[in-house]
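So this block is data03.pdb, PDB, C-alpha atoms and all ligand atoms:
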```pdb
ATOM      1  CA  MET W 250      91.694   9.975  63.852
ATOM      2  CA  ASP W 251      90.398  13.452  64.669
ATOM      3  CA  SER W 252      92.352  16.381  63.306
ATOM      4  CA  SER W 253      92.875  17.906  66.776
ATOM      5  CA  GLY W 254      91.679  21.175  65.288
ATOM      6  CA  ILE W 255      94.742  21.696  63.133
ATOM      7  CA  ILE W 256      93.637  23.270  59.857
ATOM      8  CA  GLY W 257      96.047  23.185  56.945
ATOM      9  CA  HIS W 258      96.224  21.371  53.637
ATOM     10  CA  SER W 259      99.456  22.871  52.354
ATOM     11  CA  ALA W 260     102.243  20.401  51.649
ATOM     12  CA  VAL W 261     104.259  21.568  54.669
ATOM     13  CA  MET W 262     101.305  21.181  57.013
ATOM     14  CA  ARG W 263     100.432  17.734  55.669
ATOM     15  CA  GLN W 264     104.026  16.714  56.301
ATOM     16  CA  LEU W 265     103.822  18.136  59.794
ATOM     17  CA  LEU W 266     100.618  16.190  60.514
ATOM     18  CA  ASP W 267     102.259  12.967  59.315
ATOM     19  CA  GLN W 268     105.218  13.663  61.556
ATOM     20  CA  ILE W 269     102.923  14.294  64.532
ATOM     21  CA  ALA W 270     101.028  11.056  63.921
ATOM     22  CA  LEU W 271     104.312   9.165  63.951
ATOM     23  CA  LEU W 272     105.751  10.877  67.017
ATOM     24  CA  ALA W 273     102.499  10.474  68.954
ATOM     25  CA  ARG W 274     103.229   6.749  69.123
ATOM     26  CA  SER W 275     106.472   7.256  70.997
ATOM     27  CA  ASP W 276     107.415   8.747  74.336
ATOM     28  CA  VAL W 277     110.417  10.830  73.293
ATOM     29  CA  PRO W 278     110.591  14.467  74.316
ATOM     30  CA  VAL W 279     109.762  16.767  71.430
ATOM     31  CA  LEU W 280     110.841  20.378  71.067
ATOM     32  CA  ILE W 281     108.349  22.365  68.992
ATOM     33  CA  GLU W 282     109.914  25.344  67.262
ATOM     34  CA  GLY W 283     108.144  28.117  65.445
ATOM     35  CA  GLU W 284     107.235  31.766  65.565
ATOM     36  CA  SER W 285     104.631  32.992  68.004
ATOM     37  CA  GLY W 286     101.061  32.170  66.953
ATOM     38  CA  THR W 287     101.933  29.400  64.495
ATOM     39  CA  GLY W 288     100.028  26.740  66.462
ATOM     40  CA  LYS W 289     102.729  25.142  68.614
ATOM     41  CA  GLU W 290     100.314  24.408  71.424
ATOM     42  CA  LEU W 291      97.876  22.744  69.016
ATOM     43  CA  VAL W 292     100.745  20.528  67.847
ATOM     44  CA  ALA W 293     101.544  19.591  71.448
ATOM     45  CA  ARG W 294      97.897  18.718  72.102
ATOM     46  CA  ALA W 295      97.772  16.571  68.985
ATOM     47  CA  LEU W 296     100.912  14.696  70.061
ATOM     48  CA  HIS W 297      99.107  13.890  73.300
ATOM     49  CA  ARG W 298      95.650  13.139  71.872
ATOM     50  CA  TRP W 299      96.947  10.773  69.208
ATOM     51  CA  GLY W 300      99.143   8.801  71.595
ATOM     52  CA  ARG W 301      98.676   6.146  74.265
ATOM     53  CA  ARG W 302      98.643   8.782  77.018
ATOM     54  CA  ARG W 303      95.424  10.331  75.745
ATOM     55  CA  GLU W 304      93.326   9.144  78.713
ATOM     56  CA  CYS W 305      95.732  10.814  81.152
ATOM     57  CA  PRO W 306      96.104  14.557  81.688
ATOM     58  CA  PHE W 307      97.651  17.033  79.265
ATOM     59  CA  LEU W 308      98.887  19.983  81.287
ATOM     60  CA  ALA W 309     100.401  23.137  79.834
ATOM     61  CA  ILE W 310     102.316  25.958  81.452
ATOM     62  CA  ASN W 311     103.821  29.092  79.987
ATOM     63  CA  SER W 312     107.215  29.661  81.555
ATOM     64  CA  GLY W 313     107.233  33.270  80.430
ATOM     65  CA  GLY W 314     104.208  34.252  82.473
ATOM     66  CA  LEU W 315     105.323  33.674  86.085
ATOM     67  CA  THR W 316     108.071  34.792  88.468
ATOM     68  CA  ASP W 317     110.918  32.299  88.875
ATOM     69  CA  SER W 318     109.968  31.036  92.329
ATOM     70  CA  LEU W 319     106.260  30.810  91.587
ATOM     71  CA  LEU W 320     106.938  28.920  88.372
ATOM     72  CA  GLU W 321     109.253  26.528  90.167
ATOM     73  CA  SER W 322     106.675  25.646  92.799
ATOM     74  CA  GLU W 323     103.864  25.475  90.218
ATOM     75  CA  LEU W 324     105.866  22.969  88.223
ATOM     76  CA  PHE W 325     107.486  20.897  90.903
ATOM     77  CA  GLY W 326     105.312  21.512  93.953
ATOM     78  CA  HIS W 327     106.592  22.350  97.399
ATOM     79  CA  GLN W 328     106.849  21.109 100.973
ATOM     80  CA  ARG W 329     105.046  22.811 103.796
ATOM     81  CA  GLY W 330     107.162  25.743 104.978
ATOM     82  CA  ALA W 331     109.440  25.658 101.904
ATOM     83  CA  PHE W 332     108.983  29.428 101.612
ATOM     84  CA  THR W 333     106.842  32.181 103.149
ATOM     85  CA  GLY W 334     103.242  31.418 102.317
ATOM     86  CA  ALA W 335     103.789  27.698 101.761
ATOM     87  CA  TYR W 336     101.306  26.730 104.481
ATOM     88  CA  ALA W 337     100.509  23.342 103.046
ATOM     89  CA  GLU W 338     102.305  20.708 101.049
ATOM     90  CA  LYS W 339     101.392  20.896  97.384
ATOM     91  CA  PRO W 340     102.156  18.708  94.353
ATOM     92  CA  GLY W 341     103.222  20.481  91.178
ATOM     93  CA  LEU W 342     102.129  20.119  87.579
ATOM     94  CA  VAL W 343     104.744  17.479  86.809
ATOM     95  CA  GLU W 344     103.170  15.162  89.381
ATOM     96  CA  ALA W 345      99.651  16.140  88.365
ATOM     97  CA  ALA W 346     100.489  15.137  84.787
ATOM     98  CA  ASP W 347     101.677  11.679  85.898
ATOM     99  CA  GLY W 348     100.920   9.164  83.170
ATOM    100  CA  GLY W 349     100.193  11.986  80.744
ATOM    101  CA  THR W 350     101.956  14.865  79.052
ATOM    102  CA  LEU W 351     103.412  18.131  80.279
ATOM    103  CA  PHE W 352     103.760  20.949  77.769
ATOM    104  CA  LEU W 353     106.318  23.619  78.657
ATOM    105  CA  ASP W 354     105.630  26.676  76.564
ATOM    106  CA  GLU W 355     108.403  29.300  76.223
ATOM    107  CA  VAL W 356     110.813  26.831  77.793
ATOM    108  CA  ALA W 357     113.753  29.228  77.252
ATOM    109  CA  ASP W 358     112.388  31.307  80.126
ATOM    110  CA  LEU W 359     112.878  28.611  82.787
ATOM    111  CA  SER W 360     115.115  29.739  85.660
ATOM    112  CA  ALA W 361     118.386  27.919  86.384
ATOM    113  CA  ALA W 362     116.831  26.196  89.401
ATOM    114  CA  ALA W 363     113.809  25.028  87.436
ATOM    115  CA  GLN W 364     116.101  23.832  84.643
ATOM    116  CA  SER W 365     118.021  21.529  86.955
ATOM    117  CA  ARG W 366     114.823  20.121  88.476
ATOM    118  CA  LEU W 367     113.513  19.477  84.987
ATOM    119  CA  LEU W 368     116.735  17.769  83.958
ATOM    120  CA  ARG W 369     116.251  15.368  86.850
ATOM    121  CA  VAL W 370     112.740  14.541  85.631
ATOM    122  CA  LEU W 371     114.075  13.821  82.141
ATOM    123  CA  GLN W 372     117.135  11.882  83.264
ATOM    124  CA  GLU W 373     115.893   9.913  86.248
ATOM    125  CA  GLY W 374     112.123  10.124  85.952
ATOM    126  CA  GLU W 375     112.233  11.671  89.398
ATOM    127  CA  ILE W 376     110.943  14.851  90.904
ATOM    128  CA  LEU W 377     111.960  16.904  93.909
ATOM    129  CA  ARG W 378     109.362  19.216  95.388
ATOM    130  CA  VAL W 379     110.761  22.592  96.455
ATOM    131  CA  GLY W 380     112.083  22.248 100.001
ATOM    132  CA  SER W 381     112.033  18.467  99.960
ATOM    133  CA  VAL W 382     114.838  15.922  99.733
ATOM    134  CA  ASP W 383     112.626  12.923  99.010
ATOM    135  CA  ALA W 384     112.516  12.149  95.308
ATOM    136  CA  ARG W 385     109.265  10.851  93.840
ATOM    137  CA  CYS W 386     108.916   8.824  90.659
ATOM    138  CA  VAL W 387     106.931  10.310  87.788
ATOM    139  CA  ASP W 388     106.042   9.083  84.319
ATOM    140  CA  VAL W 389     105.503  12.169  82.202
ATOM    141  CA  ARG W 390     106.107  12.890  78.564
ATOM    142  CA  ILE W 391     107.772  16.276  78.236
ATOM    143  CA  LEU W 392     106.908  18.451  75.252
ATOM    144  CA  SER W 393     108.365  21.917  75.038
ATOM    145  CA  ALA W 394     108.111  24.907  72.762
ATOM    146  CA  THR W 395     110.045  28.047  72.098
ATOM    147  CA  HIS W 396     110.180  30.888  69.617
ATOM    148  CA  LYS W 397     113.792  31.577  70.616
ATOM    149  CA  CYS W 398     116.937  29.922  69.365
ATOM    150  CA  LEU W 399     117.939  27.676  72.257
ATOM    151  CA  GLU W 400     121.515  27.214  70.979
ATOM    152  CA  GLU W 401     121.925  30.940  71.303
ATOM    153  CA  GLU W 402     120.529  30.832  74.841
ATOM    154  CA  VAL W 403     123.046  28.083  75.624
ATOM    155  CA  ALA W 404     125.885  30.137  74.107
ATOM    156  CA  ARG W 405     124.871  33.072  76.286
ATOM    157  CA  GLY W 406     124.905  30.898  79.384
ATOM    158  CA  ARG W 407     121.168  31.244  79.951
ATOM    159  CA  PHE W 408     120.198  27.669  79.166
ATOM    160  CA  ARG W 409     121.795  24.350  80.192
ATOM    161  CA  HIS W 410     123.191  22.487  77.239
ATOM    162  CA  ASP W 411     122.583  19.092  78.878
ATOM    163  CA  LEU W 412     118.915  20.054  79.246
ATOM    164  CA  LEU W 413     118.726  21.215  75.638
ATOM    165  CA  TYR W 414     119.926  17.818  74.394
ATOM    166  CA  ARG W 415     117.321  16.051  76.536
ATOM    167  CA  LEU W 416     114.482  18.282  75.394
ATOM    168  CA  ARG W 417     115.144  18.175  71.706
ATOM    169  CA  VAL W 418     115.509  14.492  71.077
ATOM    170  CA  VAL W 419     113.196  15.328  68.206
ATOM    171  CA  VAL W 420     112.572  18.814  66.839
ATOM    172  CA  VAL W 421     109.339  19.677  65.079
ATOM    173  CA  HIS W 422     109.191  22.919  63.152
ATOM    174  CA  VAL W 423     105.873  24.694  62.681
ATOM    175  CA  PRO W 424     106.111  26.943  59.593
ATOM    176  CA  ALA W 425     105.135  30.602  59.673
ATOM    177  CA  LEU W 426     101.819  31.416  58.002
ATOM    178  CA  ARG W 427     103.498  33.499  55.276
ATOM    179  CA  GLU W 428     105.314  30.338  54.161
ATOM    180  CA  ARG W 429     101.974  28.623  53.487
ATOM    181  CA  PRO W 430      99.510  31.265  52.221
ATOM    182  CA  GLU W 431      97.449  28.493  50.619
ATOM    183  CA  ASP W 432      96.216  27.633  54.143
ATOM    184  CA  ILE W 433      94.776  31.124  54.663
ATOM    185  CA  PRO W 434      91.347  30.583  53.003
ATOM    186  CA  ALA W 435      90.579  27.409  54.984
ATOM    187  CA  LEU W 436      91.795  28.967  58.235
ATOM    188  CA  THR W 437      89.693  32.066  57.583
ATOM    189  CA  ARG W 438      86.572  29.975  56.920
ATOM    190  CA  HIS W 439      87.272  28.011  60.079
ATOM    191  CA  PHE W 440      87.490  31.169  62.181
ATOM    192  CA  LEU W 441      84.392  32.708  60.550
ATOM    193  CA  GLY W 442      82.467  29.578  61.558
ATOM    194  CA  LYS W 443      84.013  29.549  65.013
ATOM    195  CA  HIS W 444      83.268  33.173  65.864
ATOM    196  CA  ALA W 445      79.955  33.612  64.036
ATOM    197  CA  PRO W 446      78.496  30.091  64.266
ATOM    198  CA  GLU W 447      74.880  31.202  63.802
ATOM    199  CA  ASN W 448      75.422  32.854  60.481
ATOM    200  CA  PRO W 449      79.025  32.828  59.236
ATOM    201  CA  PRO W 450      79.650  35.802  56.935
ATOM    202  CA  VAL W 451      81.369  35.424  53.575
ATOM    203  CA  LEU W 452      84.352  37.394  52.296
ATOM    204  CA  GLU W 453      84.255  39.758  49.376
ATOM    205  CA  ARG W 454      86.772  38.693  46.767
ATOM    206  CA  GLN W 455      88.968  41.703  47.412
ATOM    207  CA  THR W 456      88.990  40.888  51.129
ATOM    208  CA  SER W 457      90.237  37.352  50.448
ATOM    209  CA  LEU W 458      92.959  38.737  48.210
ATOM    210  CA  LEU W 459      94.136  41.123  50.905
ATOM    211  CA  LEU W 460      94.122  38.400  53.554
ATOM    212  CA  LYS W 461      96.135  36.139  51.301
ATOM    213  CA  SER W 462      98.771  38.726  50.447
ATOM    214  CA  TYR W 463      99.369  40.090  53.962
ATOM    215  CA  PRO W 464     102.496  38.528  55.561
ATOM    216  CA  TRP W 465     100.938  37.831  59.022
ATOM    217  CA  PRO W 466     103.868  38.495  61.369
ATOM    218  CA  GLY W 467     101.632  37.308  64.246
ATOM    219  CA  ASN W 468     100.760  34.165  62.264
ATOM    220  CA  VAL W 469      97.511  32.241  62.806
ATOM    221  CA  ARG W 470      96.765  34.061  66.051
ATOM    222  CA  GLU W 471      96.832  37.407  64.212
ATOM    223  CA  LEU W 472      94.596  36.037  61.447
ATOM    224  CA  GLU W 473      92.076  34.799  64.007
ATOM    225  CA  ASN W 474      92.037  38.216  65.701
ATOM    226  CA  GLU W 475      91.586  39.938  62.359
ATOM    227  CA  VAL W 476      88.579  37.728  61.592
ATOM    228  CA  ARG W 477      87.041  38.374  65.018
ATOM    229  CA  ARG W 478      87.551  42.094  64.584
ATOM    230  CA  ALA W 479      85.878  42.092  61.169
ATOM    231  CA  ILE W 480      82.912  40.079  62.502
ATOM    232  CA  SER W 481      82.428  42.516  65.354
ATOM    233  CA  LEU W 482      82.382  45.464  62.929
ATOM    234  CA  LEU W 483      80.077  43.746  60.442
ATOM    235  CA  GLY W 484      76.753  44.556  62.129
ATOM    236  CA  ASP W 485      73.859  43.157  60.116
ATOM    237  CA  GLY W 486      75.924  42.668  56.970
ATOM    238  CA  THR W 487      76.621  39.258  55.466
ATOM    239  CA  ALA W 488      79.837  39.912  53.517
ATOM    240  CA  ILE W 489      83.129  41.211  54.842
ATOM    241  CA  CYS W 490      84.374  44.067  52.675
ATOM    242  CA  PRO W 491      87.994  45.335  52.727
ATOM    243  CA  GLY W 492      86.872  48.331  54.792
ATOM    244  CA  LEU W 493      86.344  46.013  57.763
ATOM    245  CA  LEU W 494      89.984  44.922  57.759
ATOM    246  CA  SER W 495      92.513  46.744  59.878
ATOM    247  CA  GLU W 496      94.620  49.392  58.231
ATOM    248  CA  ARG W 497      97.870  47.447  58.173
ATOM    249  CA  VAL W 498      96.273  44.511  56.336
ATOM    250  CA  ARG W 499      94.688  46.807  53.758
ATOM    251  CA  GLU W 500      97.850  48.879  53.289
ATOM    252  CA  GLN W 501     100.001  45.839  52.662
ATOM    253  CA  GLY W 502      97.575  44.671  49.977
ATOM    254  CA  ASP W 503      97.577  48.134  48.448
ATOM    255  CA  ARG W 504     101.349  48.070  48.273
ATOM    256  CA  LEU W 505     101.020  44.865  46.292
ATOM    257  CA  ARG W 506      98.558  46.526  43.946
ATOM    258  CA  THR W 507     100.951  49.399  43.304
ATOM    259  CA  ARG W 508     103.523  47.201  41.577
ATOM    260  CA  GLY W 509     103.968  47.021  37.817
ATOM    261  CA  SER W 510     103.297  49.288  34.829
ATOM    262  CA  LEU W 511     100.236  51.514  34.563
ATOM    263  CA  LYS W 512      98.638  49.083  32.137
ATOM    264  CA  GLU W 513      99.214  46.106  34.440
ATOM    265  CA  ARG W 514      97.803  47.928  37.423
ATOM    266  CA  VAL W 515      94.749  49.136  35.538
ATOM    267  CA  CYS W 516      94.095  45.608  34.275
ATOM    268  CA  ARG W 517      94.433  44.148  37.756
ATOM    269  CA  TYR W 518      92.015  46.710  39.046
ATOM    270  CA  GLU W 519      89.565  46.128  36.200
ATOM    271  CA  ALA W 520      89.595  42.381  36.823
ATOM    272  CA  LEU W 521      88.988  43.009  40.499
ATOM    273  CA  VAL W 522      86.018  45.300  39.918
ATOM    274  CA  ILE W 523      84.461  42.857  37.470
ATOM    275  CA  ARG W 524      84.933  39.933  39.805
ATOM    276  CA  GLU W 525      83.429  41.797  42.751
ATOM    277  CA  THR W 526      80.421  42.851  40.735
ATOM    278  CA  LEU W 527      79.903  39.345  39.379
ATOM    279  CA  ASP W 528      80.021  38.075  42.960
ATOM    280  CA  ARG W 529      77.497  40.656  44.028
ATOM    281  CA  TYR W 530      75.050  39.592  41.300
ATOM    282  CA  GLY W 531      75.582  35.878  41.724
ATOM    283  CA  TRP W 532      77.510  35.687  38.432
ATOM    284  CA  ASN W 533      74.501  36.863  36.443
ATOM    285  CA  LYS W 534      76.282  38.436  33.467
ATOM    286  CA  THR W 535      73.350  40.522  32.217
ATOM    287  CA  ARG W 536      72.840  42.241  35.568
ATOM    288  CA  THR W 537      76.594  42.671  36.080
ATOM    289  CA  ALA W 538      76.961  44.276  32.642
ATOM    290  CA  VAL W 539      74.105  46.688  33.399
ATOM    291  CA  ALA W 540      75.625  47.594  36.766
ATOM    292  CA  LEU W 541      79.013  48.300  35.186
ATOM    293  CA  GLY W 542      77.560  50.142  32.182
ATOM    294  CA  VAL W 543      79.146  47.863  29.570
ATOM    295  CA  SER W 544      77.628  45.574  26.949
ATOM    296  CA  ARG W 545      77.141  41.917  27.779
ATOM    297  CA  GLN W 546      79.558  40.898  24.993
ATOM    298  CA  SER W 547      82.232  43.210  26.294
ATOM    299  CA  LEU W 548      81.815  41.797  29.790
ATOM    300  CA  ILE W 549      82.069  38.205  28.518
ATOM    301  CA  ARG W 550      85.227  39.113  26.587
ATOM    302  CA  LYS W 551      86.867  40.550  29.685
ATOM    303  CA  VAL W 552      85.805  37.635  31.856
ATOM    304  CA  SER W 553      87.596  35.276  29.501
ATOM    305  CA  LEU W 554      90.561  37.651  29.059
ATOM    306  CA  TYR W 555      91.138  37.747  32.821
ATOM    307  CA  GLY W 556      90.312  34.077  33.261
ATOM    308  CA  LEU W 557      87.621  34.823  35.854
ATOM    309  CA  ARG W 558      85.678  31.813  37.036
ATOM    310  CA  GLY W 559      82.516  31.599  39.110
ATOM    311  CA  PRO W 560      82.004  29.571  42.257
TER
HETATM  312  N1  LIG C 601      96.648  25.176  61.976
HETATM  313  C1  LIG C 601      95.743  25.743  62.792
HETATM  314  N2  LIG C 601      94.440  25.436  62.677
HETATM  315  C2  LIG C 601      93.515  26.013  63.487
HETATM  316  N3  LIG C 601      93.797  26.896  64.446
HETATM  317  C3  LIG C 601      95.081  27.244  64.626
HETATM  318  C4  LIG C 601      96.124  26.679  63.815
HETATM  319  N4  LIG C 601      97.306  27.193  64.213
HETATM  320  C5  LIG C 601      97.027  28.038  65.225
HETATM  321  N5  LIG C 601      95.693  28.075  65.492
HETATM  322  C6  LIG C 601      95.029  28.914  66.524
HETATM  323  O1  LIG C 601      95.800  30.099  66.664
HETATM  324  C7  LIG C 601      95.961  30.456  68.036
HETATM  325  C8  LIG C 601      97.433  30.432  68.394
HETATM  326  O2  LIG C 601      97.917  29.094  68.410
HETATM  327  P1  LIG C 601      98.959  28.571  69.495
HETATM  328  O3  LIG C 601      99.017  27.096  69.400
HETATM  329  O4  LIG C 601      98.652  29.145  70.840
HETATM  330  O5  LIG C 601     100.296  29.236  68.914
HETATM  331  P2  LIG C 601     101.744  29.279  69.552
HETATM  332  O6  LIG C 601     101.725  28.338  70.731
HETATM  333  O7  LIG C 601     102.651  28.842  68.456
HETATM  334  O8  LIG C 601     101.986  30.702  69.944
HETATM  335  C9  LIG C 601      95.140  29.446  68.812
HETATM  336  O9  LIG C 601      93.860  30.009  69.059
HETATM  337  C10 LIG C 601      95.042  28.264  67.896
HETATM  338  O10 LIG C 601      93.876  27.519  68.139
HETATM  339 MG    MG C 602     101.645  29.593  72.612
END
```

If you convert what's in this file into structure tokens, what do you get?
Amino acid sequence: MDSSGIIGHSAVMRQLLDQIALLARSDVPVLIEGESGTGKELVARALHRWGRRRECPFLAINSGGLTDSLLESELFGHQRGAFTGAYAEKPGLVEAADGGTLFLDEVADLSAAAQSRLLRVLQEGEILRVGSVDARCVDVRILSATHKCLEEEVARGRFRHDLLYRLRVVVVHVPALRERPEDIPALTRHFLGKHAPENPPVLERQTSLLLKSYPWPGNVRELENEVRRAISLLGDGTAICPGLLSERVREQGDRLRTRGSLKERVCRYEALVIRETLDRYGWNKTRTAVALGVSRQSLIRKVSLYGLRGP
């Protein structure tokens, strides 16, 4: 089975992948929850690709991006003359996805009218085009995603509770990136290869440390953008130094470095400098010692004191 492009070896992500593999075999609607940029759409695609509907279309629409009436006709289609500008009859995405999967991103943003049409699809397997009274049968698996709390939307009267229960027969939660920092190195390597395929740059040790300690409020999407930014600033270089990271990523890491007693901070910094220099000289201890102006013995002592290990 292909991985559907989902990178992540942390325990939570492995669990998520197992869950996806299981759910891909069924037809139940799945609600995918998680902060923006965590990979909800990738999860939806995997649910489709690993299931029996894989030969049929996977169609995705972001409910947040369109006006209410446009979204409604995009999704459900319309009859000729249903509204000004509806010159021809047109099927919507639900019909176009027949046999396959429809992914409704930002489902909380669906208008009341669109919500009731969607409920009909889920309950009866039937669709009504805008302006039409003839129902048509459709066989579509509905996957949806939101970064909002739908219960709250229901409590505020903005979302139908009967629709909520239909959509979230199963809920899948995609964890925020800060809850799984161990995935950051693999994701970073993946994006370096994706955006600089000819000659993927490497990261200086300090850069990796900063990337791993930053909390990534924009999740994987923000990490990918950070990597692209660094690549574009790299020029002819081959290693990404901390200077190529954006200020907020560097500052956050600095804040981390400014914790602890003077002795602890100095030691952390010393270990960092030694590690960077070893990296630069391919872990040749003689050349590293010369570059740092210390004896070889003293360098070896510190390497073992700080538990530094080569590639
Ligand atoms: N686990 C992952 N492995 C590889 N790429 C990922 C992963 N999670 C997210 N991405 C990438 O990050 C970006 C945002 O993902 P997306 O699925 O659109 O997030 P969401 O729908 O939760 O906002 C996409 O370019 C996606 O390919
Ligand atoms: Mg998305």

Would you kindly translate the PyMOL selection byres (((chain W and resi 301-304) around 8) and not hetatm) into the concrete residues it picks from this file, as a PDB file with C-alpha atoms, in the coordinates of the input?
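Generated output (result-v1.pdb):
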```pdb
ATOM      1  CA  ALA W 273     102.499  10.474  68.954  1.00  0.00           C
ATOM      2  CA  ARG W 274     103.229   6.749  69.123  1.00  0.00           C
ATOM      3  CA  HIS W 297      99.107  13.890  73.300  1.00  0.00           C
ATOM      4  CA  ARG W 298      95.650  13.139  71.872  1.00  0.00           C
ATOM      5  CA  TRP W 299      96.947  10.773  69.208  1.00  0.00           C
ATOM      6  CA  GLY W 300      99.143   8.801  71.595  1.00  0.00           C
ATOM      7  CA  CYS W 305      95.732  10.814  81.152  1.00  0.00           C
ATOM      8  CA  PRO W 306      96.104  14.557  81.688  1.00  0.00           C
ATOM      9  CA  PHE W 307      97.651  17.033  79.265  1.00  0.00           C
ATOM     10  CA  GLY W 348     100.920   9.164  83.170  1.00  0.00           C
ATOM     11  CA  GLY W 349     100.193  11.986  80.744  1.00  0.00           C
ATOM     12  CA  THR W 350     101.956  14.865  79.052  1.00  0.00           C
TER      13      THR W 350
END
```

Inset, instruction - Show me which residues sit within 12 Å of ligand MG 602 (chain C) when counting all atoms listed in the file, and put them as a PyMOL selection string. - result: chain W and resi 281-294+309-314+352-356+393-396+423+467-470

Can you translate the PyMOL selection byres (((chain W and resi 328) around 10) and not hetatm) into the concrete residues it hits in this file, as a short mmCIF file (atom, residue, chain, number, x, y, z; two decimals) with C-alpha atoms, in the coordinates of the input?
```
data_model
loop_
_atom_site.label_atom_id
_atom_site.label_comp_id
_atom_site.auth_asym_id
_atom_site.auth_seq_id
_atom_site.Cartn_x
_atom_site.Cartn_y
_atom_site.Cartn_z
CA SER W 322 106.68 25.65 92.80
CA GLY W 326 105.31 21.51 93.95
CA HIS W 327 106.59 22.35 97.40
CA ARG W 329 105.05 22.81 103.80
CA GLY W 330 107.16 25.74 104.98
CA ALA W 331 109.44 25.66 101.90
CA PHE W 332 108.98 29.43 101.61
CA ALA W 335 103.79 27.70 101.76
CA TYR W 336 101.31 26.73 104.48
CA ALA W 337 100.51 23.34 103.05
CA GLU W 338 102.30 20.71 101.05
CA LYS W 339 101.39 20.90 97.38
CA PRO W 340 102.16 18.71 94.35
CA LEU W 377 111.96 16.90 93.91
CA ARG W 378 109.36 19.22 95.39
CA VAL W 379 110.76 22.59 96.46
CA GLY W 380 112.08 22.25 100.00
CA SER W 381 112.03 18.47 99.96
CA VAL W 382 114.84 15.92 99.73
#
```

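Proximity to W:Arg385 at 10 Å, evaluated using all atoms listed in the file and with sequence-adjacent residues fewer than 4 positions away removed, yields Glu344, Val370, Gly374, Glu375, Ile376, Leu377 and Arg378 of chain W.
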
Inset, instruction - Dig up all the protein and nucleic acid residues within 8 Å of (114.0, 22.9, 78.9) in the file frame, using all atoms listed in the file, and format them as a list of chain:residue names. - result: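 Collected hits near the coordinates: W:Leu353, W:Val356, W:Ala357, W:Leu359, W:Gln364, W:Leu367, W:Leu368, W:Ser393, W:Phe408, W:Leu412, W:Leu413, W:Arg415, W:Leu416.
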
Legend entry - Interatomic distance, atom CA of W:Arg524 to atom CA of W:Leu541 (Å, one decimal):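 Going from atom CA of W:Arg524 over to atom CA of W:Leu541, I get 11.2 Å.
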
Which centre and edge lengths in Å to one decimal define the box along x, y and z that fits every listed atom of ligand LIG 601 (chain C) plus 4 Å per side, as AutoDock Vina command-line options?
```
--center_x 98.1 --center_y 27.9 --center_z 66.4 --size_x 17.1 --size_y 13.5 --size_z 16.9
```

Legend entry - One-decimal distance in Å that lies between atom CA of W:Leu324 and atom CA of W:Gln372: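 Separation of atom CA of W:Gln372 and atom CA of W:Leu324: 16.6 Å.
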
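Note that atom CA of W:Ala479 and atom CA of W:Val522 are 21.5 Å apart.
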
Inset, instruction - Starting from the displayed file, determine the output of the PyMOL selection byres (((chain W and resi 555) around 12) and not hetatm) and express the residue list as JSON, numbers by chain. - result: {"W": [513, 516, 517, 518, 519, 520, 521, 522, 523, 524, 548, 549, 550, 551, 552, 553, 554, 556, 557, 558]}

Inset, instruction - Could you give me, as a PyMOL selection string, the residues that have an atom at most 7 Å away from the point (115.6, 19.7, 71.2) in the coordinates of the file, using all atoms listed in the file? - result: chain W and resi 279-280+413-420
